[in-house]
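J.: Dropping a structure here in structure tokens format, bear with me for questions.
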Amino acid sequence: MQSERPDLAADAQALRERLRHVYWIGGGSAAGKSTISRRLAAEYGLRTYATDDVMQDHAKRSSAEDCPLLHKFMAMSIDERWVNRSPHEMLETFHWFRGEGFNLIVEDLLALSRETGVVAEGFRLLPHLVKPLLADSNHAVWLIPTPEFRKAVVDSRGGSAWGFIAKTSDPERALRNLLERDAMFTDRLKDEAQRLELNIIEVDSTLTDDEVTGRVAELFRL
């Protein structure tokens, strides 16, 4: 075992160097991750990689062995996903929150050109998974929305009439479940990022998009 450790350490260091051009924006839902990443890309000539956009592709590339929770979720009806389970059960069994498919994110990023910086964003970027990939800890930040801010954003998107929520048999209950699950997830993200001494920015209605973008750019030293 001892003889393997230097090789593993060398591989980890090489991976960090290959991803040095990546800037990571994680955080809770409705925190403005996509907005901030697009603004940074436009202002500083970066490219964006939105983990939400590749979820379907990653599901197709996954297997039940590699991502068992994902494949159980895929087999559920929409009410089984959002209405019939408690927010706590939804939190504990949600595949992306458990890090399933994160290796596919890394594969995608490694396949991109290193000539241009990349802003990777999405709730799937869990602090404990990202930290080992950081050559510079200031290349990552987690946006933490307050419950009030998150609710306001969801309401602006249509609330219980929004997207998949409206397709359930009880949209109001589904929305309550989703908001409570996401609140618990956001609290976990904040605690984990702080424990790992990673950057967080708490987002509420007093901050403009320009202000959040400026804070992130300052952290990233762009």
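FYI, nothing fancy with the structure tokens labels: chains A, B, ... in order, residues from 1 per chain, ligands from 1 as they appear.
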Can you tell me, as a ChimeraX atom specification, which residues in chain A count as alpha helix (DSSP H) by DSSP?

T.: /A:5-18,33-44,55-61,68-75,78-82,87-93,102-111,127-130,147-156,171-195,209-220

J.: Give the strand (DSSP E or B) residues of segment 16-111 of chain A, as assigned by DSSP on the backbone, as a VMD selection string.

T.: chain A and resid 22 to 27 47 to 50

J.: Closest to Ser63 of chain A among A:Asp79, A:Gly26, A:Ile36, A:Gly101, using only C-alpha atoms?

T.: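 Closest residue, counting only C-alpha atoms: A:Gly101.
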
J.: Skipping near chain neighbours, those fewer than 6 positions away, what residues fall within 12 Å of Glu148 of chain A using only C-alpha atoms, listed as a VMD selection string?

T.: chain A and resid 30 to 31 154 to 155 179 to 180 183 203 to 206

J.: Can you work out which one of A:Val54, A:Leu91, A:Ala166, A:Val106 has the shortest atom-to-atom distance to Val130 of chain A, counting only C-alpha atoms?

T.: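 Result for the nearest residue to Val130 of chain A: A:Val106.
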
J.: Can you work out the spacing between atom CA of Val216 of chain A and atom CA of Leu40 of chain A in Å, to one decimal?

T.: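 Computing it gives 8.6 Å between the two atoms.
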
J.: Select, from A:Gln13, A:Thr208, A:Val119, A:Leu112, the residue with the minimum atom-to-atom distance to His139 of chain A, counting only C-alpha atoms.

T.: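 When distances to His139 of chain A are compared using only C-alpha atoms, the smallest one comes from A:Val119.
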
J.: For atom CA of Thr168 of chain A and atom CA of Gly27 of chain A, determine how far apart the two atoms are, in Å to one decimal place.

T.: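 Computing it gives 26.1 Å between the two atoms.
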
J.: Kindly indicate which residue among A:Leu207, A:Met76, A:Met184, A:Ala12 lies nearest to Phe149 of chain A, using only C-alpha atoms for the distances.

T.: A:Leu207

J.: A:Leu175, A:Val212, A:Ala59, A:Val141: which is nearest Glu197 of chain A, counting only C-alpha atoms?

T.: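 For Glu197 of chain A, the nearest of the given residues is A:Val141.
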
J.: What does the distance between atom CA of Trp24 of chain A and atom CA of Val153 of chain A come to in Å, to one decimal place?

T.: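 Taking atom CA of Trp24 of chain A and atom CA of Val153 of chain A, their separation equals 22.1 Å.
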
J.: For segment 14-20 of chain A, find every residue with an atom within 8 Å (counting only C-alpha atoms), except residues of its own chain fewer than 3 positions away, and show them as a PyMOL selection string.

T.: chain A and resi 10-11+109-110+114+132-136

J.: Need to verify the contact set: segment 189-192 of chain A, 8 Å, only C-alpha atoms, exclusion of same-chain residues closer than 5 positions in sequence. Can you return it as a PyMOL selection string?

T.: chain A and resi 27-28+126-128+142+144+200

J.: Give me the residues near Arg61 of chain A as a PyMOL selection string, where near means some atom within 9 Å (using only C-alpha atoms) and where sequence neighbours in that chain fewer than 3 positions away do not count.

T.: chain A and resi 56-58+101+104

J.: I need the chosen residues saved as a PDB file, in the first residue's frame, with C-alpha atoms.

T.:
```pdb
ATOM      1  CA  GLN A  56     -29.793  14.159 -19.344  1.00  0.00           C
ATOM      2  CA  ASP A  57     -26.573  13.323 -21.155  1.00  0.00           C
ATOM      3  CA  HIS A  58     -24.994  12.132 -17.917  1.00  0.00           C
ATOM      4  CA  GLY A 101     -22.254  11.376 -11.927  1.00  0.00           C
ATOM      5  CA  LEU A 104     -18.782  12.649 -15.740  1.00  0.00           C
TER       6      LEU A 104
END
```

J.: Given the choices A:Glu202, A:Asp170, A:Glu218, A:Glu100, which gets closest to Ile78 of chain A if the distance is worked out from only C-alpha atoms?

T.: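 So, comparing all the options, the nearest one is A:Asp170.
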
J.: Could you give me, as CSV, every segment 143-186 of chain A residue with an atom at most 6 Å from segment 80-90 of chain A, plus its closest atom pair and distance in Å to one decimal, counting only C-alpha atoms, rows ordered by chain then number?

T.:
```
residue,atom,partner,partner_atom,distance
A:Ala174,CA,A:Val83,CA,4.9
A:Asn177,CA,A:Pro87,CA,5.1
A:Arg181,CA,A:Pro87,CA,4.7
```

J.: Can you write out the residues you just picked, keeping C-alpha atoms, as a compact mmCIF listing (two decimals), in the first residue's frame?

T.:
```
# COMPACT_ATOMS: atom_id res chain seq x y z
CA ALA A 174 -44.79 19.27 -4.41
CA ASN A 177 -41.52 19.56 -0.51
CA ARG A 181 -35.61 19.84 0.54
```

J.: So that I can check the surroundings of segment 46-48 of chain A, please list as JSON, numbers by chain every protein, DNA and RNA residue that reaches within 8 Å of it, counting only C-alpha atoms and ignoring chain neighbours fewer than 6 positions away.

T.: {"A": [37, 38, 40, 116, 117, 118, 119, 120, 121]}
